[in-house]
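Enquirer: What follows is the file work.pdb, containing PDB, C-alpha atoms:
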ATOM      1  CA  MET A   1       0.000   0.000   0.000  1.00  0.00           C
ATOM      2  CA  ALA A   2       1.411   3.405  -0.987  1.00  0.00           C
ATOM      3  CA  THR A   3       1.208   6.619   0.923  1.00  0.00           C
ATOM      4  CA  LEU A   4      -0.623   9.557  -0.540  1.00  0.00           C
ATOM      5  CA  ASP A   5       2.707  11.369  -0.967  1.00  0.00           C
ATOM      6  CA  THR A   6       4.141   8.398  -2.900  1.00  0.00           C
ATOM      7  CA  TYR A   7       1.076   8.240  -5.110  1.00  0.00           C
ATOM      8  CA  ILE A   8       1.208  11.982  -5.858  1.00  0.00           C
ATOM      9  CA  SER A   9       4.924  11.698  -6.573  1.00  0.00           C
ATOM     10  CA  GLU A  10       4.337   8.865  -9.050  1.00  0.00           C
ATOM     11  CA  LEU A  11       1.549  10.814 -10.753  1.00  0.00           C
ATOM     12  CA  LYS A  12       3.866  13.805 -11.128  1.00  0.00           C
ATOM     13  CA  PHE A  13       6.568  11.520 -12.552  1.00  0.00           C
ATOM     14  CA  PHE A  14       4.059  10.104 -15.057  1.00  0.00           C
ATOM     15  CA  ALA A  15       2.956  13.615 -16.080  1.00  0.00           C
ATOM     16  CA  LYS A  16       6.556  14.824 -16.403  1.00  0.00           C
ATOM     17  CA  HIS A  17       7.422  11.920 -18.731  1.00  0.00           C
ATOM     18  CA  LEU A  18       4.136  11.777 -20.650  1.00  0.00           C
ATOM     19  CA  GLN A  19       5.502  13.206 -23.903  1.00  0.00           C
ATOM     20  CA  GLU A  20       8.566  10.961 -23.726  1.00  0.00           C
ATOM     21  CA  ASN A  21       6.272   7.953 -23.291  1.00  0.00           C
ATOM     22  CA  VAL A  22       4.140   9.021 -26.276  1.00  0.00           C
ATOM     23  CA  VAL A  23       7.250   9.318 -28.464  1.00  0.00           C
ATOM     24  CA  ASN A  24       8.528   5.916 -27.288  1.00  0.00           C
ATOM     25  CA  ILE A  25       5.164   4.314 -28.069  1.00  0.00           C
ATOM     26  CA  GLY A  26       5.225   5.897 -31.536  1.00  0.00           C
ATOM     27  CA  VAL A  27       8.769   4.707 -32.225  1.00  0.00           C
ATOM     28  CA  LYS A  28       7.826   1.208 -31.030  1.00  0.00           C
ATOM     29  CA  ASN A  29       4.943   1.235 -33.538  1.00  0.00           C
ATOM     30  CA  GLU A  30       6.986   2.858 -36.328  1.00  0.00           C
ATOM     31  CA  ARG A  31       6.223   0.357 -39.110  1.00  0.00           C
ATOM     32  CA  GLY A  32       2.459   0.647 -38.642  1.00  0.00           C
ATOM     33  CA  ILE A  33       2.613   4.447 -38.621  1.00  0.00           C
ATOM     34  CA  ILE A  34       4.825   4.589 -41.708  1.00  0.00           C
ATOM     35  CA  ASN A  35       2.695   2.007 -43.525  1.00  0.00           C
ATOM     36  CA  THR A  36      -0.426   4.082 -42.822  1.00  0.00           C
ATOM     37  CA  GLN A  37       1.134   7.147 -44.450  1.00  0.00           C
ATOM     38  CA  ASN A  38       2.646   5.233 -47.361  1.00  0.00           C
ATOM     39  CA  THR A  39      -0.572   3.326 -48.095  1.00  0.00           C
ATOM     40  CA  ARG A  40      -2.463   6.631 -48.310  1.00  0.00           C
ATOM     41  CA  HIS A  41       0.134   7.945 -50.775  1.00  0.00           C
ATOM     42  CA  LYS A  42       0.134   4.805 -52.914  1.00  0.00           C
ATOM     43  CA  THR A  43      -3.602   4.100 -52.978  1.00  0.00           C
ATOM     44  CA  ARG A  44      -5.206   7.548 -52.848  1.00  0.00           C
ATOM     45  CA  GLY A  45      -2.452  10.082 -53.591  1.00  0.00           C
ATOM     46  CA  LEU A  46      -3.312  12.255 -50.588  1.00  0.00           C
ATOM     47  CA  ASP A  47      -1.071  14.287 -48.283  1.00  0.00           C
ATOM     48  CA  ALA A  48      -1.394  14.671 -44.502  1.00  0.00           C
ATOM     49  CA  LYS A  49      -4.057  17.367 -44.950  1.00  0.00           C
ATOM     50  CA  GLY A  50      -6.142  14.980 -47.087  1.00  0.00           C
ATOM     51  CA  LYS A  51      -5.425  16.990 -50.230  1.00  0.00           C
ATOM     52  CA  THR A  52      -4.401  15.519 -53.582  1.00  0.00           C
ATOM     53  CA  ILE A  53      -0.613  15.546 -53.796  1.00  0.00           C
ATOM     54  CA  GLY A  54      -0.648  16.393 -57.494  1.00  0.00           C
ATOM     55  CA  SER A  55      -0.976  15.005 -60.983  1.00  0.00           C
ATOM     56  CA  TYR A  56       1.557  13.590 -63.407  1.00  0.00           C
ATOM     57  CA  SER A  57       2.630  14.908 -66.796  1.00  0.00           C
ATOM     58  CA  ALA A  58       1.771  12.896 -69.919  1.00  0.00           C
ATOM     59  CA  ASN A  59       5.316  11.466 -70.065  1.00  0.00           C
ATOM     60  CA  THR A  60       5.201  10.344 -66.450  1.00  0.00           C
ATOM     61  CA  ILE A  61       1.748   8.805 -66.937  1.00  0.00           C
ATOM     62  CA  ALA A  62       3.104   6.755 -69.847  1.00  0.00           C
ATOM     63  CA  ARG A  63       6.122   5.648 -67.776  1.00  0.00           C
ATOM     64  CA  LYS A  64       3.939   4.777 -64.760  1.00  0.00           C
ATOM     65  CA  ASN A  65       1.523   2.804 -66.947  1.00  0.00           C
ATOM     66  CA  LYS A  66       4.437   0.885 -68.460  1.00  0.00           C
ATOM     67  CA  LYS A  67       5.603  -0.030 -64.919  1.00  0.00           C
ATOM     68  CA  GLY A  68       2.074  -1.004 -63.876  1.00  0.00           C
ATOM     69  CA  GLN A  69       1.981   1.771 -61.271  1.00  0.00           C
ATOM     70  CA  PRO A  70      -0.974   4.073 -60.577  1.00  0.00           C
ATOM     71  CA  SER A  71      -0.872   7.078 -62.860  1.00  0.00           C
ATOM     72  CA  SER A  72      -4.077   8.973 -62.103  1.00  0.00           C
ATOM     73  CA  PHE A  73      -2.581  10.605 -58.978  1.00  0.00           C
ATOM     74  CA  VAL A  74       0.876  11.273 -57.531  1.00  0.00           C
ATOM     75  CA  THR A  75       1.948   8.379 -55.303  1.00  0.00           C
ATOM     76  CA  LEU A  76       5.467   9.628 -54.510  1.00  0.00           C
ATOM     77  CA  GLU A  77       6.671   6.189 -55.516  1.00  0.00           C
ATOM     78  CA  ASP A  78       8.940   5.435 -58.400  1.00  0.00           C
ATOM     79  CA  THR A  79      11.601   3.100 -57.054  1.00  0.00           C
ATOM     80  CA  GLY A  80      10.095   2.759 -53.578  1.00  0.00           C
ATOM     81  CA  ASN A  81      13.320   3.946 -51.953  1.00  0.00           C
ATOM     82  CA  TRP A  82      11.849   7.166 -50.568  1.00  0.00           C
ATOM     83  CA  HIS A  83       8.985   5.396 -48.813  1.00  0.00           C
ATOM     84  CA  SER A  84      11.325   2.743 -47.399  1.00  0.00           C
ATOM     85  CA  ASP A  85      13.556   5.461 -45.869  1.00  0.00           C
ATOM     86  CA  MET A  86      10.782   6.796 -43.603  1.00  0.00           C
ATOM     87  CA  PHE A  87      11.171   6.695 -39.833  1.00  0.00           C
ATOM     88  CA  VAL A  88       9.354   7.822 -36.694  1.00  0.00           C
ATOM     89  CA  GLY A  89      11.246   9.800 -34.086  1.00  0.00           C
ATOM     90  CA  GLY A  90      10.991  12.608 -31.639  1.00  0.00           C
ATOM     91  CA  THR A  91      12.149  14.157 -28.438  1.00  0.00           C
ATOM     92  CA  ASP A  92       9.402  16.563 -27.424  1.00  0.00           C
ATOM     93  CA  GLU A  93       6.979  15.562 -30.160  1.00  0.00           C
ATOM     94  CA  LEU A  94       6.316  12.499 -32.292  1.00  0.00           C
ATOM     95  CA  PHE A  95       7.127  13.024 -35.976  1.00  0.00           C
ATOM     96  CA  ILE A  96       7.644  11.192 -39.245  1.00  0.00           C
ATOM     97  CA  ASP A  97      10.707  11.988 -41.348  1.00  0.00           C
ATOM     98  CA  ASN A  98      12.877  10.521 -44.071  1.00  0.00           C
ATOM     99  CA  HIS A  99      16.534   9.520 -43.977  1.00  0.00           C
ATOM    100  CA  ASN A 100      16.951  10.814 -47.546  1.00  0.00           C
ATOM    101  CA  SER A 101      16.714  14.507 -46.700  1.00  0.00           C
ATOM    102  CA  SER A 102      17.855  15.782 -50.105  1.00  0.00           C
ATOM    103  CA  LEU A 103      15.177  13.802 -51.959  1.00  0.00           C
ATOM    104  CA  THR A 104      12.567  14.846 -49.395  1.00  0.00           C
ATOM    105  CA  THR A 105      13.524  18.508 -49.845  1.00  0.00           C
ATOM    106  CA  GLU A 106      13.279  18.146 -53.627  1.00  0.00           C
ATOM    107  CA  LEU A 107       9.868  16.483 -53.376  1.00  0.00           C
ATOM    108  CA  MET A 108       8.604  19.182 -51.029  1.00  0.00           C
ATOM    109  CA  ASN A 109      10.093  22.090 -52.976  1.00  0.00           C
ATOM    110  CA  GLY A 110      10.097  20.768 -56.566  1.00  0.00           C
ATOM    111  CA  GLY A 111      12.919  20.106 -58.976  1.00  0.00           C
ATOM    112  CA  ILE A 112      13.264  16.339 -59.067  1.00  0.00           C
ATOM    113  CA  GLY A 113      12.926  14.041 -62.023  1.00  0.00           C
ATOM    114  CA  LYS A 114      14.655  13.126 -65.246  1.00  0.00           C
ATOM    115  CA  GLY A 115      14.935  15.081 -68.470  1.00  0.00           C
ATOM    116  CA  ASP A 116      11.793  17.062 -69.192  1.00  0.00           C
ATOM    117  CA  GLU A 117      10.300  15.828 -65.919  1.00  0.00           C
ATOM    118  CA  LYS A 118      12.935  17.745 -63.906  1.00  0.00           C
ATOM    119  CA  SER A 119      10.622  20.646 -63.189  1.00  0.00           C
ATOM    120  CA  ASN A 120       7.967  18.837 -61.146  1.00  0.00           C
ATOM    121  CA  PRO A 121       5.872  21.104 -58.952  1.00  0.00           C
ATOM    122  CA  PRO A 122       6.556  21.276 -55.240  1.00  0.00           C
ATOM    123  CA  TYR A 123       4.376  18.823 -53.327  1.00  0.00           C
ATOM    124  CA  GLY A 124       4.700  20.701 -50.019  1.00  0.00           C
ATOM    125  CA  LYS A 125       5.676  19.769 -46.468  1.00  0.00           C
ATOM    126  CA  ASP A 126       2.442  17.851 -45.900  1.00  0.00           C
ATOM    127  CA  ILE A 127       3.649  14.903 -47.981  1.00  0.00           C
ATOM    128  CA  ILE A 128       5.048  13.650 -44.667  1.00  0.00           C
ATOM    129  CA  GLY A 129       2.688  13.034 -41.772  1.00  0.00           C
ATOM    130  CA  LEU A 130      -0.633  11.526 -40.770  1.00  0.00           C
ATOM    131  CA  THR A 131      -4.081  12.926 -41.478  1.00  0.00           C
ATOM    132  CA  ASP A 132      -6.237  14.059 -38.563  1.00  0.00           C
ATOM    133  CA  GLU A 133      -8.263  10.842 -38.844  1.00  0.00           C
ATOM    134  CA  GLU A 134      -5.109   8.699 -38.827  1.00  0.00           C
ATOM    135  CA  THR A 135      -3.817  10.618 -35.796  1.00  0.00           C
ATOM    136  CA  VAL A 136      -7.081  10.034 -33.912  1.00  0.00           C
ATOM    137  CA  PHE A 137      -6.897   6.324 -34.736  1.00  0.00           C
ATOM    138  CA  LEU A 138      -3.252   6.146 -33.615  1.00  0.00           C
ATOM    139  CA  THR A 139      -4.097   7.943 -30.387  1.00  0.00           C
ATOM    140  CA  GLN A 140      -7.203   5.911 -29.537  1.00  0.00           C
ATOM    141  CA  LYS A 141      -6.052   2.457 -30.612  1.00  0.00           C
ATOM    142  CA  ILE A 142      -2.323   2.504 -29.868  1.00  0.00           C
ATOM    143  CA  ILE A 143      -1.097   5.387 -27.702  1.00  0.00           C
ATOM    144  CA  ASP A 144      -3.963   5.588 -25.183  1.00  0.00           C
ATOM    145  CA  PRO A 145      -3.992   1.830 -24.424  1.00  0.00           C
ATOM    146  CA  GLU A 146      -0.198   1.839 -23.948  1.00  0.00           C
ATOM    147  CA  LEU A 147      -0.402   4.844 -21.621  1.00  0.00           C
ATOM    148  CA  GLN A 148      -3.182   3.103 -19.715  1.00  0.00           C
ATOM    149  CA  LYS A 149      -0.815   0.166 -19.086  1.00  0.00           C
ATOM    150  CA  ILE A 150       1.636   2.598 -17.484  1.00  0.00           C
ATOM    151  CA  ILE A 151      -1.122   4.164 -15.386  1.00  0.00           C
ATOM    152  CA  ASN A 152      -2.282   0.717 -14.272  1.00  0.00           C
ATOM    153  CA  LYS A 153       1.169   0.122 -12.758  1.00  0.00           C
ATOM    154  CA  LEU A 154       0.643   3.008 -10.330  1.00  0.00           C
ATOM    155  CA  PRO A 155      -0.330   2.032  -6.782  1.00  0.00           C
ATOM    156  CA  GLN A 156      -3.952   0.939  -6.711  1.00  0.00           C
ATOM    157  CA  THR A 157      -4.458   1.404  -2.991  1.00  0.00           C
ATOM    158  CA  ILE A 158      -3.458   4.440  -0.972  1.00  0.00           C
ATOM    159  CA  ASP A 159      -2.879   4.495   2.772  1.00  0.00           C
ATOM    160  CA  ILE A 160      -4.034   7.916   3.937  1.00  0.00           C
ATOM    161  CA  TRP A 161      -3.595   7.274   7.669  1.00  0.00           C
TER     162      TRP A 161
END
Let me see the structure of the file written as structure tokens.
Expert:
Amino acid sequence: MATLDTYISELKFFAKHLQENVVNIGVKNERGIINTQNTRHKTRGLDAKGKTIGSYSANTIARKNKKGQPSSFVTLEDTGNWHSDMFVGGTDELFIDNHNSSLTTELMNGGIGKGDEKSNPPYGKDIIGLTDEETVFLTQKIIDPELQKIINKLPQTIDIW
């Protein structure tokens, strides 16, 4: 049985380390988070705001069709290397990023491609991240239950005498 002071101390410790715990839970579930983002790109061509990433030029559409890849919306996938370089990290806040920072910068700001495709439009910073709906799902189905496990380890009975 814990004293009230011990219980309050443990609650304060939990609160102080809440953000760290959220980041750790996110990192532990990295593949699922990254797959959620990448699946949205590859199947619907939407950014983290739920907006269409863009459209392809006629030459790119022909090349995508030849490869058997979707061509009616921008998937941000050609070789698959960019999507496979994604990671989840954070110190104060959970975030998604990419190990290939130069390619990410080019995708966000424009200027990638081959030949006449070199002048692609910028796709914006929202090509990386989860939509609001995906964030709610992550919070309710993964983060909250994991935080509840930590809370459940706090003393269940308090001796106030």
Enquirer: Just the residues within 12 Å of Glu146 in chain A, please, counting all atoms listed in the file, with nothing from its chain fewer than 3 positions along; format it as a VMD selection string.
Expert: chain A and resid 18 21 to 26 28 to 29 138 to 143 149 to 153
Enquirer: Save the residues we just selected, C-alpha atoms, as a compact mmCIF listing (two decimals), in the coordinates of the input?
Expert:
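Written output follows (again30.txt):
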# COMPACT_ATOMS: atom_id res chain seq x y z
CA LEU A 18 4.14 11.78 -20.65
CA ASN A 21 6.27 7.95 -23.29
CA VAL A 22 4.14 9.02 -26.28
CA VAL A 23 7.25 9.32 -28.46
CA ASN A 24 8.53 5.92 -27.29
CA ILE A 25 5.16 4.31 -28.07
CA GLY A 26 5.22 5.90 -31.54
CA LYS A 28 7.83 1.21 -31.03
CA ASN A 29 4.94 1.24 -33.54
CA LEU A 138 -3.25 6.15 -33.62
CA THR A 139 -4.10 7.94 -30.39
CA GLN A 140 -7.20 5.91 -29.54
CA LYS A 141 -6.05 2.46 -30.61
CA ILE A 142 -2.32 2.50 -29.87
CA ILE A 143 -1.10 5.39 -27.70
CA LYS A 149 -0.82 0.17 -19.09
CA ILE A 150 1.64 2.60 -17.48
CA ILE A 151 -1.12 4.16 -15.39
CA ASN A 152 -2.28 0.72 -14.27
CA LYS A 153 1.17 0.12 -12.76
Enquirer: For the file shown, report as a ChimeraX atom specification the outcome of the PyMOL selection byres ((chain A and resi 44-57) around 10) at residue level.
Expert: /A:37-43,58-64,70-76,116-117,120-135
Enquirer: Hey, which of A:Ile8, A:Leu103, A:Val27, A:Leu154 ends up closest to Asn81 in chain A? Count all atoms listed in the file.
Expert: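 With all atoms listed in the file as the atom set, the closest residue is A:Leu103.
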Enquirer: Run the PyMOL selection byres ((chain A and resi 1) around 12) mentally over the shown coordinates, then write out the matched residues as a list in words, using the chain letters and numbers from the document.
Expert: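 Output of the PyMOL selection byres ((chain A and resi 1) around 12): Ala2, Thr3, Leu4, Asp5, Thr6, Tyr7, Leu154, Pro155, Gln156, Thr157, Ile158, Asp159, Ile160 and Trp161 of chain A.
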Enquirer: Could you check how far CA of His83 in chain A sits from CA of Asp97 in chain A, in Å to one decimal?
Expert: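 Distance between the two atoms: 10.1 Å.
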Enquirer: What separation in Å, quoted to one decimal, exists between CA of Thr79 in chain A and CA of Ile96 in chain A?
Expert: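 Computing it gives 20.0 Å between the two atoms.
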Enquirer: Give me the result of the PyMOL selection byres ((chain A and resi 84) around 10) on this file, residue by residue, as a compact mmCIF listing (two decimals) with C-alpha atoms, in the coordinates of the input.
Expert:
# COMPACT_ATOMS: atom_id res chain seq x y z
CA ILE A 34 4.82 4.59 -41.71
CA ASN A 35 2.70 2.01 -43.52
CA ASN A 38 2.65 5.23 -47.36
CA GLU A 77 6.67 6.19 -55.52
CA THR A 79 11.60 3.10 -57.05
CA GLY A 80 10.10 2.76 -53.58
CA ASN A 81 13.32 3.95 -51.95
CA TRP A 82 11.85 7.17 -50.57
CA HIS A 83 8.98 5.40 -48.81
CA ASP A 85 13.56 5.46 -45.87
CA MET A 86 10.78 6.80 -43.60
CA PHE A 87 11.17 6.70 -39.83
CA ASN A 98 12.88 10.52 -44.07
CA HIS A 99 16.53 9.52 -43.98
CA ASN A 100 16.95 10.81 -47.55
